[in-house]
>>> print(open('entry24.tsv').read())   # TSV, C-alpha atoms and all ligand atoms
chain	number	residue	atom	x	y	z
E	21	MET	CA	-19.77	-23.70	-42.14
E	22	ALA	CA	-22.33	-21.87	-40.06
E	23	PHE	CA	-25.22	-23.96	-39.01
E	24	ASN	CA	-28.51	-23.67	-37.23
E	25	ASN	CA	-29.04	-25.74	-34.16
E	26	ASP	CA	-32.53	-27.27	-34.13
E	27	GLU	CA	-32.87	-26.81	-30.41
E	28	GLU	CA	-32.38	-23.08	-30.67
E	29	LYS	CA	-34.10	-20.19	-32.34
E	30	SER	CA	-33.88	-20.54	-36.09
E	31	ASP	CA	-32.26	-17.11	-36.38
E	32	ASP	CA	-29.32	-18.13	-34.23
E	33	TYR	CA	-25.91	-18.41	-35.80
E	34	LEU	CA	-22.89	-20.33	-34.60
E	35	PHE	CA	-19.50	-19.70	-36.19
E	36	LYS	CA	-16.31	-21.60	-35.54
E	37	ILE	CA	-13.30	-19.31	-35.24
E	38	VAL	CA	-9.74	-20.56	-34.75
E	39	LEU	CA	-6.79	-18.87	-33.07
E	40	ILE	CA	-3.48	-19.66	-34.75
E	41	GLY	CA	0.09	-18.41	-34.57
E	42	ASP	CA	3.37	-19.29	-32.88
E	43	SER	CA	3.67	-20.28	-29.27
E	44	ALA	CA	3.54	-17.46	-26.69
E	45	VAL	CA	2.24	-14.75	-29.04
E	46	GLY	CA	-0.75	-14.33	-26.71
E	47	LYS	CA	-3.51	-16.42	-28.28
E	48	SER	CA	-4.81	-17.81	-24.99
E	49	ASN	CA	-4.67	-14.41	-23.35
E	50	LEU	CA	-6.56	-12.76	-26.22
E	51	LEU	CA	-9.32	-15.30	-25.67
E	52	ALA	CA	-9.17	-14.88	-21.89
E	53	ARG	CA	-9.40	-11.10	-22.24
E	54	TYR	CA	-12.23	-11.30	-24.73
E	55	ALA	CA	-14.30	-14.01	-23.06
E	56	ARG	CA	-13.67	-13.33	-19.38
E	57	ASP	CA	-11.83	-10.00	-19.25
E	58	GLU	CA	-8.89	-11.74	-17.62
E	59	PHE	CA	-5.14	-11.68	-18.20
E	60	TYR	CA	-2.47	-14.16	-17.11
E	61	PRO	CA	1.00	-12.60	-16.73
E	62	ASN	CA	2.78	-15.94	-16.68
E	63	SER	CA	0.51	-18.31	-18.55
E	64	LYS	CA	1.93	-21.69	-19.44
E	65	SER	CA	0.52	-23.55	-22.38
E	66	THR	CA	-1.43	-26.67	-21.66
E	67	ILE	CA	-2.00	-29.60	-23.97
E	68	GLY	CA	-5.29	-30.29	-25.68
E	69	VAL	CA	-7.75	-28.31	-27.71
E	70	GLU	CA	-10.18	-26.03	-25.95
E	71	PHE	CA	-12.90	-23.78	-27.19
E	72	GLN	CA	-15.14	-21.17	-25.72
E	73	THR	CA	-18.50	-19.97	-26.98
E	74	GLN	CA	-19.18	-16.24	-26.92
E	75	LYS	CA	-22.45	-14.52	-27.67
E	76	MET	CA	-22.52	-11.35	-29.72
E	77	ASP	CA	-25.24	-9.08	-30.91
E	78	ILE	CA	-24.99	-8.16	-34.57
E	79	ASP	CA	-27.79	-6.16	-36.21
E	80	GLY	CA	-30.13	-7.30	-33.43
E	81	LYS	CA	-29.38	-10.97	-34.13
E	82	GLU	CA	-27.74	-13.21	-31.59
E	83	VAL	CA	-24.56	-14.61	-33.07
E	84	LYS	CA	-22.41	-17.13	-31.27
E	85	ALA	CA	-18.72	-17.48	-31.92
E	86	GLN	CA	-17.18	-20.79	-30.94
E	87	ILE	CA	-13.56	-19.72	-30.50
E	88	TRP	CA	-10.93	-22.47	-30.56
E	89	ASP	CA	-7.56	-22.20	-28.86
E	90	THR	CA	-4.66	-24.47	-29.80
E	91	ALA	CA	-3.84	-24.82	-26.11
E	92	GLY	CA	-0.20	-25.52	-26.74
E	93	GLN	CA	-0.38	-27.92	-29.71
E	94	GLU	CA	1.47	-25.39	-31.87
E	95	ARG	CA	4.67	-25.85	-29.88
E	96	PHE	CA	5.04	-29.25	-31.51
E	97	ARG	CA	3.78	-28.06	-34.90
E	98	ALA	CA	0.99	-30.51	-34.32
E	99	VAL	CA	-2.16	-28.52	-34.90
E	100	THR	CA	-4.44	-31.19	-36.31
E	101	SER	CA	-6.80	-30.96	-39.25
E	102	ALA	CA	-9.66	-31.46	-36.77
E	103	TYR	CA	-8.73	-28.13	-35.27
E	104	TYR	CA	-9.32	-26.36	-38.58
E	105	ARG	CA	-12.34	-28.40	-39.68
E	106	GLY	CA	-15.43	-26.27	-40.19
E	107	ALA	CA	-13.73	-23.01	-39.28
E	108	VAL	CA	-15.21	-19.96	-40.99
E	109	GLY	CA	-13.00	-17.41	-39.28
E	110	ALA	CA	-9.43	-17.15	-38.02
E	111	LEU	CA	-7.28	-14.85	-35.93
E	112	LEU	CA	-3.74	-15.20	-37.19
E	113	VAL	CA	-1.61	-13.88	-34.34
E	114	TYR	CA	2.00	-12.74	-34.07
E	115	ASP	CA	3.87	-10.85	-31.37
E	116	VAL	CA	5.03	-7.35	-32.42
E	117	SER	CA	8.01	-7.73	-30.08
E	118	ARG	CA	9.27	-10.96	-31.75
E	119	ARG	CA	10.00	-10.76	-35.46
E	120	GLN	CA	10.32	-14.52	-35.72
E	121	THR	CA	6.60	-14.86	-34.97
E	122	PHE	CA	5.82	-12.44	-37.81
E	123	ASP	CA	8.04	-14.44	-40.17
E	124	SER	CA	5.98	-17.53	-39.33
E	125	ILE	CA	2.76	-15.98	-40.60
E	126	HIS	CA	3.24	-17.33	-44.13
E	127	ARG	CA	3.49	-20.85	-42.78
E	128	TRP	CA	0.31	-20.43	-40.72
E	129	LEU	CA	-1.55	-18.97	-43.67
E	130	ASN	CA	-0.48	-21.94	-45.76
E	131	GLU	CA	-1.59	-24.37	-43.12
E	132	LEU	CA	-4.94	-22.62	-42.77
E	133	GLN	CA	-5.50	-22.73	-46.53
E	134	THR	CA	-4.47	-26.38	-46.74
E	135	HIS	CA	-6.79	-27.53	-43.99
E	136	SER	CA	-9.88	-25.48	-44.64
E	137	ASP	CA	-12.43	-26.28	-47.28
E	138	MET	CA	-13.57	-22.73	-47.87
E	139	ASN	CA	-12.42	-19.16	-47.69
E	140	VAL	CA	-11.86	-18.43	-44.04
E	141	VAL	CA	-12.43	-14.83	-42.94
E	142	THR	CA	-9.05	-13.99	-41.45
E	143	ILE	CA	-7.64	-11.12	-39.45
E	144	LEU	CA	-3.90	-10.67	-39.00
E	145	VAL	CA	-3.34	-9.67	-35.38
E	146	GLY	CA	-0.15	-8.02	-34.11
E	147	ASN	CA	-0.45	-8.63	-30.38
E	148	LYS	CA	1.48	-7.07	-27.44
E	149	SER	CA	1.21	-3.53	-28.81
E	150	ASP	CA	1.81	-2.39	-25.20
E	151	LEU	CA	5.47	-3.47	-25.45
E	152	LYS	CA	6.50	-0.22	-27.11
E	153	ASP	CA	10.22	-0.37	-26.29
E	154	ALA	CA	10.57	-3.98	-27.39
E	155	ARG	CA	8.80	-3.63	-30.73
E	156	GLU	CA	10.45	-5.48	-33.64
E	157	VAL	CA	7.65	-5.34	-36.24
E	158	SER	CA	6.22	-1.99	-37.33
E	159	THR	CA	2.53	-1.32	-37.85
E	160	ALA	CA	3.24	-0.58	-41.52
E	161	GLU	CA	4.81	-4.02	-42.03
E	162	GLY	CA	1.80	-5.73	-40.49
E	163	LYS	CA	-0.59	-3.71	-42.58
E	164	ALA	CA	1.36	-4.44	-45.78
E	165	LEU	CA	1.40	-8.20	-45.15
E	166	ALA	CA	-2.34	-8.14	-44.47
E	167	GLU	CA	-3.04	-6.23	-47.68
E	168	GLU	CA	-0.89	-8.59	-49.75
E	169	ASN	CA	-2.93	-11.51	-48.53
E	170	GLY	CA	-6.38	-9.94	-48.38
E	171	LEU	CA	-6.64	-10.09	-44.61
E	172	PHE	CA	-8.08	-7.70	-42.08
E	173	PHE	CA	-5.45	-6.22	-39.78
E	174	MET	CA	-5.32	-4.94	-36.22
E	175	GLU	CA	-2.75	-4.48	-33.48
E	176	THR	CA	-3.96	-5.60	-30.06
E	177	SER	CA	-2.89	-5.90	-26.47
E	178	ALA	CA	-4.35	-8.61	-24.30
E	179	LEU	CA	-2.57	-6.86	-21.43
E	180	ASP	CA	-4.20	-3.42	-21.74
E	181	SER	CA	-7.27	-4.67	-23.70
E	182	SER	CA	-6.64	-2.49	-26.71
E	183	ASN	CA	-8.55	-3.70	-29.82
E	184	VAL	CA	-9.22	-7.16	-28.39
E	185	VAL	CA	-13.01	-7.01	-28.69
E	186	ALA	CA	-12.67	-5.20	-32.03
E	187	ALA	CA	-10.46	-7.94	-33.50
E	188	PHE	CA	-12.94	-10.73	-32.69
E	189	GLN	CA	-15.91	-8.63	-33.75
E	190	THR	CA	-14.36	-7.74	-37.10
E	191	VAL	CA	-14.21	-11.42	-38.02
E	192	VAL	CA	-17.65	-12.33	-36.74
E	193	LYS	CA	-19.33	-9.34	-38.39
E	194	GLU	CA	-17.75	-10.10	-41.74
E	195	ILE	CA	-18.83	-13.76	-41.59
E	196	TYR	CA	-22.32	-12.67	-40.65
E	197	ASN	CA	-22.43	-10.18	-43.53
E	198	ILE	CA	-21.23	-12.75	-46.07
E	199	LEU	CA	-23.76	-15.33	-44.92
E	200	SER	CA	-26.67	-12.93	-44.78
E	201	ARG	CA	-25.89	-11.76	-48.30
E	202	LYS	CA	-25.95	-15.37	-49.45
E	203	VAL	CA	-29.26	-16.03	-47.77
E	204	LEU	CA	-30.95	-12.92	-49.19
E	301	LIG	P1	-0.07	-18.42	-26.54
E	301	LIG	O1	0.98	-19.48	-26.40
E	301	LIG	O2	-0.07	-17.84	-27.92
E	301	LIG	O3	-1.43	-18.89	-26.11
E	301	LIG	O4	0.35	-17.21	-25.58
E	301	LIG	P2	-0.16	-16.88	-24.10
E	301	LIG	O5	-1.52	-16.27	-24.14
E	301	LIG	O6	0.04	-18.07	-23.23
E	301	LIG	O7	0.86	-15.71	-23.70
E	301	LIG	C1	2.26	-15.94	-23.65
E	301	LIG	C2	2.90	-14.91	-22.73
E	301	LIG	O8	2.74	-13.60	-23.29
E	301	LIG	C3	2.27	-14.87	-21.34
E	301	LIG	O9	3.29	-14.67	-20.39
E	301	LIG	C4	1.35	-13.67	-21.40
E	301	LIG	O10	1.19	-13.08	-20.15
E	301	LIG	C5	2.08	-12.75	-22.37
E	301	LIG	N1	1.17	-11.89	-23.13
E	301	LIG	C6	0.06	-12.26	-23.83
E	301	LIG	N2	-0.52	-11.21	-24.41
E	301	LIG	C7	0.21	-10.13	-24.08
E	301	LIG	C8	0.11	-8.72	-24.37
E	301	LIG	O11	-0.78	-8.25	-25.07
E	301	LIG	N3	1.09	-7.91	-23.85
E	301	LIG	C9	2.09	-8.39	-23.06
E	301	LIG	N4	2.98	-7.51	-22.60
E	301	LIG	N5	2.22	-9.70	-22.77
E	301	LIG	C10	1.28	-10.56	-23.27
E	302	MG	MG	-1.97	-20.79	-25.54
>>> encode(input="entry24.tsv", output="structure tokens")
Amino acid sequence: MAFNNDEEKSDDYLFKIVLIGDSAVGKSNLLARYARDEFYPNSKSTIGVEFQTQKMDIDGKEVKAQIWDTAGQERFRAVTSAYYRGAVGALLVYDVSRRQTFDSIHRWLNELQTHSDMNVVTILVGNKSDLKDAREVSTAEGKALAEENGLFFMETSALDSSNVVAAFQTVVKEIYNILSRKVL
């Protein structure tokens, strides 16, 4: 749920967004690229949940996205319900060069739906689009899966930055639009 913080301007918005998907698909690097314009060629997952707050300007309003990273929990299939609690948006990430991570998407979608108490604005993200020679999942397959499940879809590369900002912004804009329609 979006909420206003009393200590801040009343027109401020804060949305919780979660990153989910198999280990090593690039979740932490998508966040690093988006939040700090950094990339880690050999990142190792660490234990414990972390989040980062990013400011965005949408229609002249300051919107803050609190983006949560699993920080390695997913390796043990131990993403807790606390991780999902209150999330209004999700980036559901697979690696276009590893089909197995695409096959896991159904399980992640299920988990997201089980743990969240509302419709979560979700984008399916095929990351590592730079790995052209190693590709195992086509753009058409990604698009089709997204359409079947009513998700937004984008292919990204945390390495070369392609579509990274766009993927996060798509989710935040949609949440903002839904909420502002409800308020009006
Ligand atoms: P996470 O476990 O989902 O958080 O994945 P990480 O962000 O830790 O990334 C796992 C590995 O994939 C790291 O070695 C990254 O450098 C690499 N990686 C992440 N994103 C990309 C990308 O867009 N392209 C390429 N080529 N490698 C990536
Ligand atoms: Mg990670």
>>> residues_around(input="entry24.tsv", residues="Ala44 (chain E)", least_positions_apart="4", cutoff="10 Å", atoms="all atoms listed in the file", output="list in words")
Ser48, Asn49, Ser63, Lys64, Ser65, Gly92, Glu94, Arg95, Val113, Tyr114, Asp115 and Thr121 of chain E
>>> closest_residue(input="entry24.tsv", among="E:Ile37, E:Val141, E:Val157, E:Leu151", to="Arg105 (chain E)", atoms="all atoms listed in the file")
E:Ile37
>>> closest_atom_pairs(input="entry24.tsv", of="chain E", to="ligand LIG 301 (chain E)", cutoff="7 Å", atoms="only C-alpha atoms and all ligand atoms", output="Markdown table")
| residue | atom | partner | partner_atom | distance |
| --- | --- | --- | --- | --- |
| E:Gly41 | CA | E:LIG301 | O2 | 6.7 |
| E:Asp42 | CA | E:LIG301 | O2 | 6.2 |
| E:Ser43 | CA | E:LIG301 | O1 | 4.0 |
| E:Ala44 | CA | E:LIG301 | O1 | 3.3 |
| E:Val45 | CA | E:LIG301 | O2 | 4.0 |
| E:Gly46 | CA | E:LIG301 | O4 | 3.3 |
| E:Lys47 | CA | E:LIG301 | O2 | 3.7 |
| E:Ser48 | CA | E:LIG301 | O3 | 3.7 |
| E:Asn49 | CA | E:LIG301 | O5 | 3.7 |
| E:Leu50 | CA | E:LIG301 | O5 | 6.5 |
| E:Phe59 | CA | E:LIG301 | O10 | 6.8 |
| E:Tyr60 | CA | E:LIG301 | O10 | 4.9 |
| E:Pro61 | CA | E:LIG301 | O10 | 3.5 |
| E:Asn62 | CA | E:LIG301 | O9 | 4.0 |
| E:Ser63 | CA | E:LIG301 | O6 | 4.7 |
| E:Lys64 | CA | E:LIG301 | O6 | 5.6 |
| E:Ser65 | CA | E:LIG301 | O6 | 5.6 |
| E:Ala91 | CA | E:LIG301 | O3 | 6.4 |
| E:Gly92 | CA | E:LIG301 | O1 | 6.2 |
| E:Asn147 | CA | E:LIG301 | O11 | 5.3 |
| E:Lys148 | CA | E:LIG301 | O11 | 3.5 |
| E:Ser149 | CA | E:LIG301 | O11 | 6.3 |
| E:Asp150 | CA | E:LIG301 | N3 | 5.7 |
| E:Leu151 | CA | E:LIG301 | N4 | 5.5 |
| E:Thr176 | CA | E:LIG301 | O11 | 6.5 |
| E:Ser177 | CA | E:LIG301 | O11 | 3.5 |
| E:Ala178 | CA | E:LIG301 | O11 | 3.7 |
| E:Leu179 | CA | E:LIG301 | O11 | 4.3 |
| E:Asp180 | CA | E:LIG301 | O11 | 6.8 |
>>> closest_residue(input="entry24.tsv", among="E:Lys152, E:Arg119, E:Arg53, E:His126", to="Ser182 (chain E)", atoms="all atoms listed in the file")
E:Arg53
>>> closest_residue(input="entry24.tsv", among="E:Leu132, E:Val83, E:Val184, E:Ile40", to="ligand MG 302 (chain E)", atoms="all atoms listed in the file")
E:Ile40
>>> atom_distance(input="entry24.tsv", atom1="CA of Ser117 (chain E)", atom2="CA of Glu156 (chain E)")
4.9 Å
>>> closest_residue(input="entry24.tsv", among="E:Ala186, E:Leu144, E:Leu39, E:Ile78", to="Thr159 (chain E)", atoms="all atoms listed in the file")
E:Leu144
>>> atom_distance(input="entry24.tsv", atom1="CA of Glu175 (chain E)", atom2="CA of Glu70 (chain E)")
24.0 Å
>>> closest_residue(input="entry24.tsv", among="E:Ser136, E:Ser158, E:Thr100, E:Gln74", to="Tyr33 (chain E)", atoms="all atoms listed in the file")
E:Gln74
>>> closest_residue(input="entry24.tsv", among="E:Glu58, E:Val145, E:Asp89, E:Lys75", to="ligand MG 302 (chain E)", atoms="only C-alpha atoms and all ligand atoms")
E:Asp89
>>> axis_aligned_box(input="entry24.tsv", around="region 124-128 of chain E", padding_each_side="5 Å", output="AutoDock Vina command-line options")
--center_x 3.1 --center_y -18.4 --center_z -41.7 --size_x 15.7 --size_y 14.9 --size_z 14.8
>>> atom_distance(input="entry24.tsv", atom1="CA of Ser124 (chain E)", atom2="CA of Gln86 (chain E)")
24.8 Å
>>> residues_around(input="entry24.tsv", residues="Ala107 (chain E)", least_positions_apart="6", cutoff="8 Å", atoms="all atoms listed in the file", output="list in words")
Met21, Phe35, Lys36, Ile37, Val38, Ser136 and Val140 of chain E
>>> residues_around(input="entry24.tsv", residues="Phe188 (chain E)", least_positions_apart="5", cutoff="10 Å", atoms="only C-alpha atoms", output="CSV table (one decimal) with C-alpha atoms, keeping the file's coordinate frame")
chain,number,residue,atom,x,y,z
E,37,ILE,CA,-13.3,-19.3,-35.2
E,50,LEU,CA,-6.6,-12.8,-26.2
E,51,LEU,CA,-9.3,-15.3,-25.7
E,54,TYR,CA,-12.2,-11.3,-24.7
E,85,ALA,CA,-18.7,-17.5,-31.9
E,87,ILE,CA,-13.6,-19.7,-30.5
E,109,GLY,CA,-13.0,-17.4,-39.3
E,110,ALA,CA,-9.4,-17.2,-38.0
E,111,LEU,CA,-7.3,-14.8,-35.9
E,143,ILE,CA,-7.6,-11.1,-39.4
E,183,ASN,CA,-8.6,-3.7,-29.8
E,193,LYS,CA,-19.3,-9.3,-38.4
>>> decode(input="entry24.tsv", residues="region 80-102 of chain E", atoms="N, CA and C atoms", output="PDB file, in the first residue's frame")
ATOM      1  N   GLY E  80       5.413  15.880 -12.342  1.00  0.00           N
ATOM      2  CA  GLY E  80       5.760  16.973 -11.442  1.00  0.00           C
ATOM      3  C   GLY E  80       5.649  16.626  -9.968  1.00  0.00           C
ATOM      4  N   LYS E  81       5.263  15.388  -9.654  1.00  0.00           N
ATOM      5  CA  LYS E  81       5.167  14.957  -8.263  1.00  0.00           C
ATOM      6  C   LYS E  81       6.402  14.140  -7.913  1.00  0.00           C
ATOM      7  N   GLU E  82       6.871  14.317  -6.686  1.00  0.00           N
ATOM      8  CA  GLU E  82       7.991  13.484  -6.257  1.00  0.00           C
ATOM      9  C   GLU E  82       7.465  12.142  -5.759  1.00  0.00           C
ATOM     10  N   VAL E  83       7.925  11.096  -6.405  1.00  0.00           N
ATOM     11  CA  VAL E  83       7.517   9.749  -6.036  1.00  0.00           C
ATOM     12  C   VAL E  83       8.764   9.008  -5.581  1.00  0.00           C
ATOM     13  N   LYS E  84       8.633   8.281  -4.475  1.00  0.00           N
ATOM     14  CA  LYS E  84       9.781   7.508  -4.010  1.00  0.00           C
ATOM     15  C   LYS E  84       9.485   6.020  -4.137  1.00  0.00           C
ATOM     16  N   ALA E  85      10.426   5.322  -4.723  1.00  0.00           N
ATOM     17  CA  ALA E  85      10.291   3.873  -4.812  1.00  0.00           C
ATOM     18  C   ALA E  85      11.263   3.263  -3.811  1.00  0.00           C
ATOM     19  N   GLN E  86      10.712   2.447  -2.933  1.00  0.00           N
ATOM     20  CA  GLN E  86      11.564   1.719  -1.985  1.00  0.00           C
ATOM     21  C   GLN E  86      11.745   0.327  -2.587  1.00  0.00           C
ATOM     22  N   ILE E  87      12.925   0.106  -3.186  1.00  0.00           N
ATOM     23  CA  ILE E  87      13.148  -1.109  -3.966  1.00  0.00           C
ATOM     24  C   ILE E  87      13.884  -2.144  -3.124  1.00  0.00           C
ATOM     25  N   TRP E  88      13.252  -3.302  -2.969  1.00  0.00           N
ATOM     26  CA  TRP E  88      13.787  -4.365  -2.110  1.00  0.00           C
ATOM     27  C   TRP E  88      14.513  -5.415  -2.943  1.00  0.00           C
ATOM     28  N   ASP E  89      15.670  -5.811  -2.450  1.00  0.00           N
ATOM     29  CA  ASP E  89      16.458  -6.864  -3.097  1.00  0.00           C
ATOM     30  C   ASP E  89      16.533  -8.062  -2.157  1.00  0.00           C
ATOM     31  N   THR E  90      16.355  -9.237  -2.711  1.00  0.00           N
ATOM     32  CA  THR E  90      16.367 -10.463  -1.896  1.00  0.00           C
ATOM     33  C   THR E  90      17.722 -10.719  -1.249  1.00  0.00           C
ATOM     34  N   ALA E  91      18.760 -10.136  -1.833  1.00  0.00           N
ATOM     35  CA  ALA E  91      20.115 -10.275  -1.290  1.00  0.00           C
ATOM     36  C   ALA E  91      20.503 -11.719  -0.978  1.00  0.00           C
ATOM     37  N   GLY E  92      20.132 -12.610  -1.864  1.00  0.00           N
ATOM     38  CA  GLY E  92      20.612 -13.978  -1.753  1.00  0.00           C
ATOM     39  C   GLY E  92      19.664 -14.976  -1.106  1.00  0.00           C
ATOM     40  N   GLN E  93      18.595 -14.484  -0.475  1.00  0.00           N
ATOM     41  CA  GLN E  93      17.631 -15.397   0.174  1.00  0.00           C
ATOM     42  C   GLN E  93      17.082 -16.437  -0.796  1.00  0.00           C
ATOM     43  N   GLU E  94      16.940 -16.035  -2.076  1.00  0.00           N
ATOM     44  CA  GLU E  94      16.265 -16.893  -3.045  1.00  0.00           C
ATOM     45  C   GLU E  94      17.033 -18.183  -3.328  1.00  0.00           C
ATOM     46  N   ARG E  95      18.344 -18.176  -3.033  1.00  0.00           N
ATOM     47  CA  ARG E  95      19.127 -19.385  -3.252  1.00  0.00           C
ATOM     48  C   ARG E  95      18.614 -20.544  -2.429  1.00  0.00           C
ATOM     49  N   PHE E  96      18.042 -20.200  -1.259  1.00  0.00           N
ATOM     50  CA  PHE E  96      17.548 -21.241  -0.348  1.00  0.00           C
ATOM     51  C   PHE E  96      16.029 -21.350  -0.430  1.00  0.00           C
ATOM     52  N   ARG E  97      15.450 -20.728  -1.462  1.00  0.00           N
ATOM     53  CA  ARG E  97      13.991 -20.677  -1.582  1.00  0.00           C
ATOM     54  C   ARG E  97      13.370 -20.193  -0.290  1.00  0.00           C
ATOM     55  N   ALA E  98      13.994 -19.192   0.298  1.00  0.00           N
ATOM     56  CA  ALA E  98      13.572 -18.749   1.618  1.00  0.00           C
ATOM     57  C   ALA E  98      13.228 -17.267   1.621  1.00  0.00           C
ATOM     58  N   VAL E  99      12.583 -16.818   0.542  1.00  0.00           N
ATOM     59  CA  VAL E  99      12.127 -15.435   0.543  1.00  0.00           C
ATOM     60  C   VAL E  99      10.906 -15.379   1.458  1.00  0.00           C
ATOM     61  N   THR E 100      10.995 -14.578   2.485  1.00  0.00           N
ATOM     62  CA  THR E 100       9.965 -14.604   3.535  1.00  0.00           C
ATOM     63  C   THR E 100       8.748 -13.776   3.150  1.00  0.00           C
ATOM     64  N   SER E 101       7.653 -13.996   3.871  1.00  0.00           N
ATOM     65  CA  SER E 101       6.452 -13.216   3.592  1.00  0.00           C
ATOM     66  C   SER E 101       6.675 -11.744   3.939  1.00  0.00           C
ATOM     67  N   ALA E 102       7.588 -11.470   4.870  1.00  0.00           N
ATOM     68  CA  ALA E 102       7.902 -10.075   5.219  1.00  0.00           C
ATOM     69  C   ALA E 102       8.471  -9.331   4.015  1.00  0.00           C
TER      70      ALA E 102
END
